[in-house]
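**Student:** Please find coords_36.txt (compact mmCIF, C-alpha atoms (C1' of nucleotides)) on the next line:
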# COMPACT_ATOMS: atom_id res chain seq x y z
CA MET B 1 -30.68 -40.45 -3.42
CA SER B 2 -26.96 -39.71 -3.39
CA PRO B 3 -25.78 -36.91 -1.13
CA ALA B 4 -25.67 -33.37 -2.50
CA PRO B 5 -22.12 -32.55 -3.64
CA LYS B 6 -21.73 -29.79 -1.14
CA ASP B 7 -22.29 -32.29 1.65
CA ARG B 8 -19.43 -34.46 0.51
CA PRO B 9 -16.48 -34.28 2.86
CA ASP B 10 -13.96 -33.62 0.09
CA VAL B 11 -15.91 -30.65 -1.23
CA GLN B 12 -16.32 -29.34 2.30
CA VAL B 13 -12.59 -29.64 2.91
CA PHE B 14 -11.81 -27.64 -0.23
CA THR B 15 -14.37 -25.03 0.75
CA GLU B 16 -12.84 -24.61 4.20
CA ILE B 17 -9.36 -24.49 2.71
CA GLY B 18 -10.37 -21.74 0.31
CA ILE B 19 -11.79 -19.59 3.09
CA ILE B 20 -8.87 -20.22 5.46
CA ASP B 21 -6.40 -19.23 2.77
CA GLN B 22 -8.26 -16.01 2.14
CA LEU B 23 -8.51 -15.15 5.83
CA VAL B 24 -4.84 -15.85 6.46
CA THR B 25 -3.71 -13.91 3.40
CA ASN B 26 -5.82 -10.90 4.34
CA ARG B 27 -4.62 -10.98 7.91
CA LEU B 28 -0.94 -11.19 7.08
CA GLU B 29 -1.14 -8.62 4.32
CA ARG B 30 -2.66 -6.18 6.82
CA VAL B 31 0.15 -6.76 9.27
CA LEU B 32 3.23 -6.95 7.05
CA PRO B 33 5.47 -3.87 6.71
CA SER B 34 4.26 -1.66 3.89
CA GLY B 35 5.68 -2.49 0.49
CA LEU B 36 5.96 -6.18 1.37
CA SER B 37 3.18 -8.30 -0.11
CA TYR B 38 2.23 -11.79 0.98
CA ALA B 39 3.82 -13.20 -2.17
CA GLN B 40 7.04 -11.27 -1.62
CA PHE B 41 7.21 -12.27 2.02
CA GLY B 42 6.75 -15.89 1.01
CA VAL B 43 9.88 -15.70 -1.12
CA LEU B 44 11.83 -14.17 1.75
CA VAL B 45 10.67 -16.91 4.12
CA HIS B 46 11.71 -19.49 1.56
CA PHE B 47 15.25 -18.13 1.33
CA ALA B 48 15.57 -17.31 5.01
CA ARG B 49 15.01 -20.95 5.72
CA ARG B 50 16.84 -22.69 2.94
CA GLY B 51 19.45 -20.14 1.99
CA GLY B 52 21.43 -20.65 -1.18
CA GLN B 53 20.39 -19.77 -4.67
CA GLU B 54 17.38 -20.72 -6.74
CA SER B 55 16.23 -19.89 -10.23
CA PRO B 56 13.01 -17.95 -10.90
CA ALA B 57 11.52 -21.02 -12.58
CA GLN B 58 12.22 -23.17 -9.51
CA LEU B 59 10.60 -20.56 -7.32
CA ALA B 60 7.57 -20.29 -9.59
CA LYS B 61 7.08 -24.04 -9.32
CA ALA B 62 7.55 -24.07 -5.55
CA PHE B 63 4.92 -21.36 -5.07
CA GLN B 64 2.60 -22.58 -7.81
CA VAL B 65 2.48 -19.31 -9.70
CA THR B 66 3.26 -18.58 -13.33
CA LYS B 67 6.74 -17.55 -14.42
CA GLY B 68 5.36 -14.11 -15.22
CA ALA B 69 4.03 -13.66 -11.71
CA MET B 70 7.39 -14.68 -10.27
CA THR B 71 9.24 -12.26 -12.56
CA ASN B 72 7.04 -9.51 -11.16
CA THR B 73 7.52 -10.55 -7.52
CA LEU B 74 11.28 -10.88 -7.88
CA GLN B 75 11.64 -7.53 -9.63
CA LYS B 76 9.86 -5.86 -6.73
CA LEU B 77 12.02 -7.64 -4.18
CA ALA B 78 15.17 -6.72 -6.11
CA ALA B 79 14.04 -3.08 -6.36
CA GLN B 80 13.88 -3.01 -2.56
CA GLY B 81 17.27 -4.65 -2.34
CA PHE B 82 15.89 -7.76 -0.63
CA VAL B 83 17.14 -10.24 -3.20
CA ARG B 84 20.05 -10.43 -5.61
CA ILE B 85 19.42 -11.65 -9.16
CA GLU B 86 22.44 -12.82 -11.10
CA ASP B 87 22.96 -14.47 -14.45
CA ASP B 88 23.72 -18.16 -14.20
CA ALA B 89 27.29 -18.67 -15.32
CA ALA B 90 26.65 -22.24 -16.40
CA ASP B 91 23.39 -21.74 -18.31
CA GLY B 92 22.73 -18.54 -20.22
CA ARG B 93 18.95 -18.98 -20.03
CA LYS B 94 18.85 -19.05 -16.26
CA LYS B 95 19.24 -16.59 -13.45
CA GLN B 96 20.06 -17.26 -9.85
CA VAL B 97 18.26 -15.55 -7.00
CA SER B 98 19.51 -15.23 -3.45
CA ILE B 99 18.54 -13.24 -0.39
CA THR B 100 20.51 -10.19 0.77
CA SER B 101 21.22 -9.10 4.32
CA ASP B 102 18.56 -6.40 3.87
CA GLY B 103 16.21 -9.17 2.77
CA LEU B 104 16.97 -11.13 5.93
CA GLU B 105 16.23 -8.04 7.99
CA ALA B 106 12.92 -7.53 6.20
CA HIS B 107 12.11 -11.17 6.83
CA ASP B 108 12.80 -10.79 10.54
CA ALA B 109 10.76 -7.59 10.69
CA GLY B 110 7.87 -9.41 9.03
CA LEU B 111 8.06 -12.16 11.63
CA VAL B 112 8.01 -9.63 14.43
CA ALA B 113 4.98 -7.97 12.90
CA MET B 114 3.21 -11.30 12.69
CA ARG B 115 4.12 -12.43 16.15
CA PRO B 116 1.04 -11.15 18.03
CA GLN B 117 -1.21 -12.87 15.51
CA MET B 118 0.70 -16.11 15.88
CA GLU B 119 0.62 -15.88 19.66
CA THR B 120 -3.15 -15.64 19.81
CA LEU B 121 -3.41 -18.45 17.30
CA ARG B 122 -1.27 -20.66 19.49
CA SER B 123 -3.43 -19.89 22.45
CA ALA B 124 -6.40 -21.30 20.55
CA PHE B 125 -4.81 -24.33 18.90
CA THR B 126 -1.93 -26.60 19.82
CA ASP B 127 1.01 -27.64 17.73
CA GLY B 128 -0.25 -31.17 18.06
CA GLU B 129 -3.49 -30.30 16.30
CA PHE B 130 -1.61 -28.79 13.38
CA ARG B 131 0.79 -31.71 13.27
CA ALA B 132 -2.11 -34.14 13.18
CA VAL B 133 -3.54 -32.81 9.93
CA LEU B 134 -0.23 -32.03 8.26
CA PRO B 135 0.49 -35.47 6.74
CA PHE B 136 -2.87 -35.59 4.98
CA LEU B 137 -2.59 -32.02 3.69
CA THR B 138 0.90 -32.71 2.43
CA ALA B 139 -0.23 -35.88 0.69
CA LEU B 140 -3.16 -34.04 -0.85
CA ARG B 141 -0.94 -31.21 -2.05
CA MET B 142 1.55 -33.62 -3.58
CA TRP B 143 -1.17 -35.59 -5.30
CA LEU B 144 -2.76 -32.46 -6.75
CA ASP B 145 0.66 -31.32 -7.85
CA ASP B 146 1.51 -34.59 -9.57
CA ASN B 147 -1.89 -35.34 -11.12
CA ARG B 148 -2.27 -31.96 -12.73
CA MET E 1 17.54 -22.28 19.99
CA SER E 2 13.83 -22.14 19.14
CA PRO E 3 12.74 -23.78 15.89
CA ALA E 4 12.77 -21.71 12.71
CA PRO E 5 9.30 -20.37 11.99
CA LYS E 6 8.96 -22.28 8.77
CA ASP E 7 9.42 -25.52 10.67
CA ARG E 8 6.49 -24.79 12.92
CA PRO E 9 3.55 -27.02 12.14
CA ASP E 10 1.08 -24.13 12.00
CA VAL E 11 3.14 -22.29 9.41
CA GLN E 12 3.52 -25.49 7.43
CA VAL E 13 -0.23 -26.08 7.52
CA PHE E 14 -0.92 -22.60 6.18
CA THR E 15 1.70 -23.09 3.47
CA GLU E 16 0.11 -26.35 2.35
CA ILE E 17 -3.33 -24.80 2.46
CA GLY E 18 -2.23 -21.94 0.25
CA ILE E 19 -0.80 -24.27 -2.37
CA ILE E 20 -3.77 -26.65 -2.27
CA ASP E 21 -6.17 -23.76 -2.76
CA GLN E 22 -4.21 -22.54 -5.75
CA LEU E 23 -4.02 -26.00 -7.32
CA VAL E 24 -7.74 -26.66 -6.82
CA THR E 25 -8.75 -23.25 -8.14
CA ASN E 26 -6.59 -23.64 -11.24
CA ARG E 27 -7.88 -27.11 -11.90
CA LEU E 28 -11.55 -26.23 -11.58
CA GLU E 29 -11.22 -23.04 -13.58
CA ARG E 30 -9.74 -25.05 -16.44
CA VAL E 31 -12.62 -27.48 -16.39
CA LEU E 32 -15.65 -25.26 -15.81
CA PRO E 33 -17.85 -24.27 -18.78
CA SER E 34 -16.50 -21.14 -20.42
CA GLY E 35 -17.81 -17.91 -18.98
CA LEU E 36 -18.17 -19.45 -15.54
CA SER E 37 -15.39 -18.51 -13.13
CA TYR E 38 -14.56 -20.27 -9.89
CA ALA E 39 -16.07 -17.38 -7.94
CA GLN E 40 -19.26 -17.44 -9.97
CA PHE E 41 -19.58 -21.19 -9.68
CA GLY E 42 -19.17 -20.89 -5.93
CA VAL E 43 -22.21 -18.65 -5.74
CA LEU E 44 -24.24 -21.09 -7.83
CA VAL E 45 -23.21 -23.98 -5.56
CA HIS E 46 -24.22 -21.90 -2.55
CA PHE E 47 -27.72 -21.28 -3.90
CA ALA E 48 -28.16 -24.73 -5.39
CA ARG E 49 -27.69 -26.13 -1.95
CA ARG E 50 -29.47 -23.66 0.27
CA GLY E 51 -31.99 -22.12 -2.10
CA GLY E 52 -33.86 -19.03 -1.01
CA GLN E 53 -32.67 -15.48 -1.20
CA GLU E 54 -29.63 -13.73 0.15
CA SER E 55 -28.33 -10.18 -0.01
CA PRO E 56 -25.04 -9.31 -1.74
CA ALA E 57 -23.55 -8.29 1.60
CA GLN E 58 -24.42 -11.66 3.13
CA LEU E 59 -22.83 -13.42 0.17
CA ALA E 60 -19.71 -11.25 0.38
CA LYS E 61 -19.31 -12.23 4.01
CA ALA E 62 -19.93 -15.92 3.33
CA PHE E 63 -17.27 -16.01 0.62
CA GLN E 64 -14.87 -13.63 2.37
CA VAL E 65 -14.60 -11.17 -0.47
CA THR E 66 -15.21 -7.43 -0.53
CA LYS E 67 -18.61 -6.04 -1.43
CA GLY E 68 -17.12 -4.68 -4.64
CA ALA E 69 -15.93 -8.11 -5.70
CA MET E 70 -19.35 -9.57 -5.01
CA THR E 71 -21.06 -6.81 -7.00
CA ASN E 72 -18.86 -7.77 -9.94
CA THR E 73 -19.49 -11.51 -9.60
CA LEU E 74 -23.25 -11.06 -9.25
CA GLN E 75 -23.46 -8.72 -12.22
CA LYS E 76 -21.76 -11.32 -14.38
CA LEU E 77 -24.05 -14.06 -13.14
CA ALA E 78 -27.11 -11.88 -13.72
CA ALA E 79 -25.92 -11.00 -17.24
CA GLN E 80 -25.89 -14.71 -18.02
CA GLY E 81 -29.32 -15.12 -16.47
CA PHE E 82 -28.04 -17.41 -13.73
CA VAL E 83 -29.26 -15.31 -10.81
CA ARG E 84 -32.09 -12.86 -10.22
CA ILE E 85 -31.36 -9.61 -8.36
CA GLU E 86 -34.34 -7.80 -6.88
CA ASP E 87 -34.77 -4.78 -4.66
CA ASP E 88 -35.62 -5.65 -1.08
CA ALA E 89 -39.16 -4.46 -0.42
CA ALA E 90 -38.55 -4.07 3.30
CA ASP E 91 -35.21 -2.24 3.19
CA GLY E 92 -34.42 0.17 0.38
CA ARG E 93 -30.68 -0.25 0.81
CA LYS E 94 -30.71 -3.98 0.23
CA LYS E 95 -31.13 -6.29 -2.71
CA GLN E 96 -32.09 -9.93 -2.71
CA VAL E 97 -30.36 -12.49 -4.91
CA SER E 98 -31.74 -15.88 -5.90
CA ILE E 99 -30.82 -18.56 -8.42
CA THR E 100 -32.78 -19.05 -11.66
CA SER E 101 -33.59 -22.31 -13.40
CA ASP E 102 -30.87 -21.48 -15.94
CA GLY E 103 -28.55 -21.00 -12.97
CA LEU E 104 -29.44 -24.43 -11.65
CA GLU E 105 -28.72 -25.92 -15.06
CA ALA E 106 -25.34 -24.18 -15.19
CA HIS E 107 -24.61 -25.52 -11.71
CA ASP E 108 -25.42 -29.06 -12.79
CA ALA E 109 -23.33 -28.69 -15.94
CA GLY E 110 -20.44 -27.49 -13.81
CA LEU E 111 -20.74 -30.55 -11.61
CA VAL E 112 -20.75 -32.84 -14.63
CA ALA E 113 -17.63 -31.12 -15.94
CA MET E 114 -15.91 -31.59 -12.60
CA ARG E 115 -16.91 -35.19 -12.19
CA PRO E 116 -13.89 -36.88 -13.80
CA GLN E 117 -11.57 -34.83 -11.60
CA MET E 118 -13.53 -35.77 -8.50
CA GLU E 119 -13.54 -39.43 -9.48
CA THR E 120 -9.77 -39.64 -9.72
CA LEU E 121 -9.47 -37.73 -6.46
CA ARG E 122 -11.70 -40.26 -4.75
CA SER E 123 -9.62 -43.08 -6.09
CA ALA E 124 -6.61 -41.58 -4.31
CA PHE E 125 -8.22 -40.52 -1.01
CA THR E 126 -11.15 -41.82 0.99
CA ASP E 127 -14.08 -39.90 2.37
CA GLY E 128 -12.88 -40.97 5.79
CA GLU E 129 -9.59 -39.15 5.36
CA PHE E 130 -11.38 -35.96 4.42
CA ARG E 131 -13.84 -36.37 7.26
CA ALA E 132 -10.99 -36.83 9.71
CA VAL E 133 -9.48 -33.40 9.06
CA LEU E 134 -12.75 -31.54 8.59
CA PRO E 135 -13.51 -30.72 12.25
CA PHE E 136 -10.13 -29.09 12.76
CA LEU E 137 -10.31 -27.12 9.51
CA THR E 138 -13.80 -25.94 10.37
CA ALA E 139 -12.71 -24.88 13.85
CA LEU E 140 -9.70 -23.08 12.40
CA ARG E 141 -11.83 -21.29 9.82
CA MET E 142 -14.35 -20.22 12.44
CA TRP E 143 -11.65 -18.99 14.78
CA LEU E 144 -9.95 -16.99 12.03
CA ASP E 145 -13.32 -15.60 11.05
CA ASP E 146 -14.22 -14.55 14.58
CA ASN E 147 -10.83 -13.26 15.72
CA ARG E 148 -10.31 -11.02 12.76
C1' DC D 1 -38.88 15.97 13.23
C1' DT D 2 -33.74 16.45 12.77
C1' DT D 3 -29.33 15.16 13.14
C1' DG D 4 -25.57 11.90 13.08
C1' DA D 5 -23.92 7.31 12.85
C1' DC D 6 -24.32 3.25 10.50
C1' DT D 7 -25.35 -0.08 6.65
C1' DA D 8 -25.88 -1.63 1.60
C1' DG D 9 -24.43 -1.36 -2.73
C1' DT D 10 -21.73 0.68 -6.63
C1' DT D 11 -17.83 2.73 -8.79
C1' DC D 12 -13.02 3.80 -9.51
C1' DA D 13 -8.02 3.31 -9.29
C1' DA D 14 -4.32 0.36 -8.19
C1' DT D 15 -2.39 -4.13 -8.03
C1' DA D 16 -1.64 -9.12 -8.64
C1' DT D 17 -2.00 -12.83 -11.44
C1' DA D 18 -2.91 -15.87 -15.50
C1' DA D 19 -2.38 -16.92 -20.25
C1' DA D 20 -0.14 -16.41 -24.35
C1' DA D 21 3.27 -14.60 -27.44
C1' DC D 22 7.96 -13.72 -27.81
C1' DT D 23 13.33 -13.89 -27.38
C1' DA D 24 17.31 -16.20 -26.19
C1' DT D 25 19.64 -20.22 -25.00
C1' DT D 26 20.54 -25.15 -24.52
C1' DC D 27 20.54 -29.89 -25.82
C1' DA D 28 19.89 -34.03 -28.47
C1' DT D 29 19.80 -36.12 -32.89
C1' DT D 30 21.46 -36.54 -37.05
C1' DA K 1 28.10 -28.49 -37.64
C1' DA K 2 22.87 -27.97 -38.41
C1' DT K 3 18.29 -28.46 -37.11
C1' DG K 4 14.41 -28.86 -34.17
C1' DA K 5 12.50 -29.43 -29.66
C1' DA K 6 12.56 -27.92 -25.17
C1' DT K 7 13.57 -24.60 -21.41
C1' DA K 8 14.16 -19.85 -18.97
C1' DG K 9 12.76 -15.53 -18.56
C1' DT K 10 10.23 -11.26 -20.03
C1' DT K 11 6.50 -8.72 -21.88
C1' DT K 12 1.80 -7.83 -23.00
C1' DT K 13 -3.11 -8.19 -22.48
C1' DA K 14 -7.06 -9.34 -19.93
C1' DT K 15 -9.32 -10.15 -15.69
C1' DA K 16 -10.34 -10.48 -10.66
C1' DT K 17 -9.76 -8.47 -6.46
C1' DT K 18 -8.84 -4.98 -2.97
C1' DG K 19 -9.33 -0.54 -0.71
C1' DA K 20 -11.31 3.75 -0.67
C1' DA K 21 -14.57 7.14 -2.02
C1' DC K 22 -19.24 7.86 -2.95
C1' DT K 23 -24.56 7.60 -2.93
C1' DA K 24 -28.66 6.24 -0.87
C1' DG K 25 -31.36 4.51 2.72
C1' DT K 26 -32.20 3.29 7.79
C1' DC K 27 -32.34 3.94 12.60
C1' DA K 28 -31.69 5.75 17.14
C1' DA K 29 -31.16 9.69 20.33
C1' DG K 30 -32.27 14.04 21.37
In structure tokens, what does this structure look like?
**Tutor:**
Amino acid sequence: MSPAPKDRPDVQVFTEIGIIDQLVTNRLERVLPSGLSYAQFGVLVHFARRGGQESPAQLAKAFQVTKGAMTNTLQKLAAQGFVRIEDDAADGRKKQVSITSDGLEAHDAGLVAMRPQMETLRSAFTDGEFRAVLPFLTALRMWLDDNR
Amino acid sequence: MSPAPKDRPDVQVFTEIGIIDQLVTNRLERVLPSGLSYAQFGVLVHFARRGGQESPAQLAKAFQVTKGAMTNTLQKLAAQGFVRIEDDAADGRKKQVSITSDGLEAHDAGLVAMRPQMETLRSAFTDGEFRAVLPFLTALRMWLDDNR
DNA sequence: CTTGACTAGTTCAATATAAAACTATTCATT
DNA sequence: AATGAATAGTTTTATATTGAACTAGTCAAG
């Protein structure tokens, strides 16, 4: 008899991933400054790292959410003054989003709020452990992304 | 200068995990028989594997959702006749949930619907690769669960 | 026994997201 | 130029989930 599906390692991996994502999301959402959701913070982190400008559609693809969801997230960030949304001069359909100095501050404040959580995490696991699984997770993510 | 947070392997792992979860959820939801959500299917998989009875609160904890969310999911499953919800004879506050034969059939149908997706996945990655990352993911999930 | 704290489950309001319809714009083909 | 397909973004509707308030039942300490 073939093994029950739930015993298969791939299914188990996806199950663990689902639960980890939920636990991490809950935890961060509890800790982030009020008014800043996990999704919004993700956008700030994105820009804090890479800088520059990006269109809403690019962001939607990067975060794997619908364009509508990204419209909503960006409008909330803009309302708080954390991002700037400008019309694209070269293409009338597009807009260009960039982070503001207030947005950078909010990003830093979010990191500070998360720091205790990250500290305890690092006391339990090493960077090496995370690095060891990263290539596979990245490959898996890219495959899922390509073979949609 | 210390590395930017987004370059840290732990942050990268959580980022990948978030995207993988979203891609897998989307994919399965598209493929599952209509009327059966990812959350509902998860409950069926749980019972198809372990059998027996479990209370809504136990299930909520196992799936890391609120009690309210589990009430909703179970009511939808019960409306379709996929689970049985009975009062607990020993404790008037509790209920006991179990899967029905219709529920088992729906579970099997869900697996059949997912099969092509799983086949192509297995052609891209080996069981060994999944097994290699499983211990770390499990440890991470348990740690996050305990150190809430 | 009675009280007070706790647990289980439901309900309600608020929010986030997906899916689809829609508008506006661009681009390629003719 | 004109047309048709494709792309970017918004809006609308429907749904799932959270968080909090609420009800009912249990259990322990006095």
**Student:** Kindly assemble as JSON lines a list of the chain K residues that lie within 12 Å of region 57-67 of chain B, each paired with its nearest atom pair and their distance in Å to one decimal, using all atoms listed in the file, sorted first by chain and then by ascending residue number.
**Tutor:**
{"residue": "K:DT7", "atom": "C1'", "partner": "B:Ala57", "partner_atom": "CA", "distance": 9.7}
{"residue": "K:DA8", "atom": "C1'", "partner": "B:Ala57", "partner_atom": "CA", "distance": 7.0}
{"residue": "K:DG9", "atom": "C1'", "partner": "B:Lys67", "partner_atom": "CA", "distance": 7.6}
{"residue": "K:DT10", "atom": "C1'", "partner": "B:Lys67", "partner_atom": "CA", "distance": 9.1}
{"residue": "K:DT11", "atom": "C1'", "partner": "B:Lys67", "partner_atom": "CA", "distance": 11.6}
**Student:** Those same residues, written as a tab-separated table (two decimals), in the frame of the given file with C-alpha atoms (C1' of nucleotides)?
**Tutor:**
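Full text of selection-v3.tsv as output:
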chain	number	residue	atom	x	y	z
K	7	DT	C1'	13.57	-24.60	-21.41
K	8	DA	C1'	14.16	-19.85	-18.97
K	9	DG	C1'	12.76	-15.53	-18.56
K	10	DT	C1'	10.23	-11.26	-20.03
K	11	DT	C1'	6.50	-8.72	-21.88
**Student:** List every residue of chain B that has an atom at most 10 Å from any atom of chain K, giving for each one its closest atom pair and the distance in Å to one decimal, counting all atoms listed in the file, sorted by chain and then by ascending residue number, as CSV.
**Tutor:**
residue,atom,partner,partner_atom,distance
B:Asn26,CA,K:DT18,C1',9.9
B:Ser55,CA,K:DA8,C1',9.0
B:Pro56,CA,K:DG9,C1',8.0
B:Ala57,CA,K:DA8,C1',7.0
B:Lys67,CA,K:DG9,C1',7.6
B:Gly68,CA,K:DT10,C1',7.4
B:Met70,CA,K:DG9,C1',9.9
B:Thr71,CA,K:DT10,C1',7.6
B:Asn72,CA,K:DT10,C1',9.6
B:Asp91,CA,K:DA8,C1',9.4
B:Gly92,CA,K:DA8,C1',8.8
B:Arg93,CA,K:DA8,C1',5.0
B:Lys94,CA,K:DA8,C1',5.5
B:Lys95,CA,K:DA8,C1',8.2
**Student:** Write out chain B, as a CSV table (one decimal) with C-alpha atoms, keeping the file's coordinate frame, after superposing it onto chain E by least squares using every C-alpha atom paired in order.
**Tutor:**
chain,number,residue,atom,x,y,z
B,1,MET,CA,17.8,-22.6,19.7
B,2,SER,CA,14.1,-22.4,18.9
B,3,PRO,CA,12.9,-24.0,15.7
B,4,ALA,CA,12.9,-22.0,12.5
B,5,PRO,CA,9.4,-20.6,11.9
B,6,LYS,CA,9.0,-22.5,8.7
B,7,ASP,CA,9.4,-25.7,10.6
B,8,ARG,CA,6.5,-24.9,12.9
B,9,PRO,CA,3.5,-27.1,12.2
B,10,ASP,CA,1.1,-24.1,12.0
B,11,VAL,CA,3.2,-22.3,9.4
B,12,GLN,CA,3.5,-25.6,7.5
B,13,VAL,CA,-0.2,-26.1,7.6
B,14,PHE,CA,-0.9,-22.6,6.2
B,15,THR,CA,1.7,-23.1,3.5
B,16,GLU,CA,0.1,-26.4,2.4
B,17,ILE,CA,-3.3,-24.8,2.5
B,18,GLY,CA,-2.2,-21.9,0.3
B,19,ILE,CA,-0.8,-24.3,-2.4
B,20,ILE,CA,-3.8,-26.6,-2.2
B,21,ASP,CA,-6.2,-23.7,-2.7
B,22,GLN,CA,-4.2,-22.6,-5.7
B,23,LEU,CA,-4.0,-26.0,-7.3
B,24,VAL,CA,-7.7,-26.6,-6.8
B,25,THR,CA,-8.7,-23.2,-8.1
B,26,ASN,CA,-6.6,-23.6,-11.2
B,27,ARG,CA,-7.9,-27.1,-11.9
B,28,LEU,CA,-11.5,-26.2,-11.6
B,29,GLU,CA,-11.2,-23.0,-13.6
B,30,ARG,CA,-9.7,-25.0,-16.4
B,31,VAL,CA,-12.6,-27.5,-16.4
B,32,LEU,CA,-15.6,-25.2,-15.8
B,33,PRO,CA,-17.7,-24.2,-18.8
B,34,SER,CA,-16.4,-21.1,-20.4
B,35,GLY,CA,-17.7,-17.8,-19.0
B,36,LEU,CA,-18.1,-19.4,-15.5
B,37,SER,CA,-15.4,-18.5,-13.1
B,38,TYR,CA,-14.5,-20.2,-9.9
B,39,ALA,CA,-16.1,-17.4,-7.9
B,40,GLN,CA,-19.2,-17.4,-10.0
B,41,PHE,CA,-19.5,-21.2,-9.7
B,42,GLY,CA,-19.2,-20.9,-5.9
B,43,VAL,CA,-22.2,-18.7,-5.8
B,44,LEU,CA,-24.2,-21.1,-7.9
B,45,VAL,CA,-23.2,-24.0,-5.6
B,46,HIS,CA,-24.2,-21.9,-2.6
B,47,PHE,CA,-27.7,-21.3,-4.0
B,48,ALA,CA,-28.1,-24.8,-5.5
B,49,ARG,CA,-27.7,-26.2,-2.0
B,50,ARG,CA,-29.5,-23.7,0.2
B,51,GLY,CA,-32.0,-22.2,-2.2
B,52,GLY,CA,-33.9,-19.1,-1.1
B,53,GLN,CA,-32.7,-15.6,-1.3
B,54,GLU,CA,-29.7,-13.8,0.1
B,55,SER,CA,-28.4,-10.3,0.0
B,56,PRO,CA,-25.1,-9.4,-1.7
B,57,ALA,CA,-23.6,-8.4,1.6
B,58,GLN,CA,-24.5,-11.8,3.1
B,59,LEU,CA,-22.9,-13.5,0.2
B,60,ALA,CA,-19.8,-11.3,0.4
B,61,LYS,CA,-19.4,-12.3,4.1
B,62,ALA,CA,-20.0,-16.0,3.3
B,63,PHE,CA,-17.3,-16.0,0.6
B,64,GLN,CA,-14.9,-13.7,2.4
B,65,VAL,CA,-14.6,-11.2,-0.4
B,66,THR,CA,-15.3,-7.5,-0.5
B,67,LYS,CA,-18.7,-6.1,-1.3
B,68,GLY,CA,-17.2,-4.7,-4.5
B,69,ALA,CA,-16.0,-8.1,-5.6
B,70,MET,CA,-19.4,-9.6,-4.9
B,71,THR,CA,-21.1,-6.8,-6.9
B,72,ASN,CA,-18.9,-7.7,-9.8
B,73,THR,CA,-19.5,-11.5,-9.5
B,74,LEU,CA,-23.3,-11.0,-9.2
B,75,GLN,CA,-23.5,-8.7,-12.2
B,76,LYS,CA,-21.8,-11.3,-14.3
B,77,LEU,CA,-24.0,-14.0,-13.1
B,78,ALA,CA,-27.1,-11.8,-13.7
B,79,ALA,CA,-25.9,-10.9,-17.2
B,80,GLN,CA,-25.8,-14.7,-18.0
B,81,GLY,CA,-29.3,-15.1,-16.5
B,82,PHE,CA,-28.0,-17.4,-13.8
B,83,VAL,CA,-29.3,-15.3,-10.9
B,84,ARG,CA,-32.1,-12.9,-10.3
B,85,ILE,CA,-31.4,-9.7,-8.4
B,86,GLU,CA,-34.4,-7.9,-6.9
B,87,ASP,CA,-34.8,-4.9,-4.6
B,88,ASP,CA,-35.7,-5.8,-1.1
B,89,ALA,CA,-39.2,-4.7,-0.4
B,90,ALA,CA,-38.7,-4.3,3.3
B,91,ASP,CA,-35.3,-2.5,3.2
B,92,GLY,CA,-34.5,0.0,0.5
B,93,ARG,CA,-30.8,-0.4,0.9
B,94,LYS,CA,-30.8,-4.1,0.3
B,95,LYS,CA,-31.2,-6.4,-2.7
B,96,GLN,CA,-32.1,-10.0,-2.7
B,97,VAL,CA,-30.4,-12.6,-4.9
B,98,SER,CA,-31.7,-15.9,-6.0
B,99,ILE,CA,-30.8,-18.6,-8.5
B,100,THR,CA,-32.7,-19.1,-11.7
B,101,SER,CA,-33.5,-22.3,-13.5
B,102,ASP,CA,-30.8,-21.4,-16.0
B,103,GLY,CA,-28.5,-21.0,-13.0
B,104,LEU,CA,-29.4,-24.4,-11.8
B,105,GLU,CA,-28.6,-25.9,-15.2
B,106,ALA,CA,-25.3,-24.1,-15.3
B,107,HIS,CA,-24.6,-25.5,-11.8
B,108,ASP,CA,-25.4,-29.0,-12.9
B,109,ALA,CA,-23.2,-28.6,-16.0
B,110,GLY,CA,-20.4,-27.5,-13.9
B,111,LEU,CA,-20.7,-30.5,-11.7
B,112,VAL,CA,-20.7,-32.8,-14.7
B,113,ALA,CA,-17.5,-31.1,-16.0
B,114,MET,CA,-15.9,-31.6,-12.6
B,115,ARG,CA,-16.9,-35.2,-12.2
B,116,PRO,CA,-13.9,-36.9,-13.8
B,117,GLN,CA,-11.6,-34.8,-11.6
B,118,MET,CA,-13.6,-35.7,-8.5
B,119,GLU,CA,-13.6,-39.4,-9.4
B,120,THR,CA,-9.8,-39.6,-9.6
B,121,LEU,CA,-9.6,-37.7,-6.4
B,122,ARG,CA,-11.8,-40.2,-4.7
B,123,SER,CA,-9.7,-43.0,-6.0
B,124,ALA,CA,-6.8,-41.6,-4.2
B,125,PHE,CA,-8.4,-40.5,-0.9
B,126,THR,CA,-11.3,-41.7,1.1
B,127,ASP,CA,-14.2,-39.8,2.5
B,128,GLY,CA,-13.1,-40.8,5.9
B,129,GLU,CA,-9.8,-39.0,5.4
B,130,PHE,CA,-11.5,-35.8,4.5
B,131,ARG,CA,-14.0,-36.2,7.3
B,132,ALA,CA,-11.1,-36.7,9.8
B,133,VAL,CA,-9.6,-33.3,9.1
B,134,LEU,CA,-12.8,-31.4,8.6
B,135,PRO,CA,-13.6,-30.5,12.3
B,136,PHE,CA,-10.2,-28.9,12.8
B,137,LEU,CA,-10.3,-27.0,9.5
B,138,THR,CA,-13.8,-25.7,10.4
B,139,ALA,CA,-12.7,-24.7,13.9
B,140,LEU,CA,-9.7,-22.9,12.4
B,141,ARG,CA,-11.8,-21.1,9.8
B,142,MET,CA,-14.3,-20.0,12.4
B,143,TRP,CA,-11.5,-18.8,14.8
B,144,LEU,CA,-9.8,-16.8,12.0
B,145,ASP,CA,-13.2,-15.4,11.0
B,146,ASP,CA,-14.1,-14.3,14.6
B,147,ASN,CA,-10.6,-13.1,15.7
B,148,ARG,CA,-10.1,-10.8,12.7
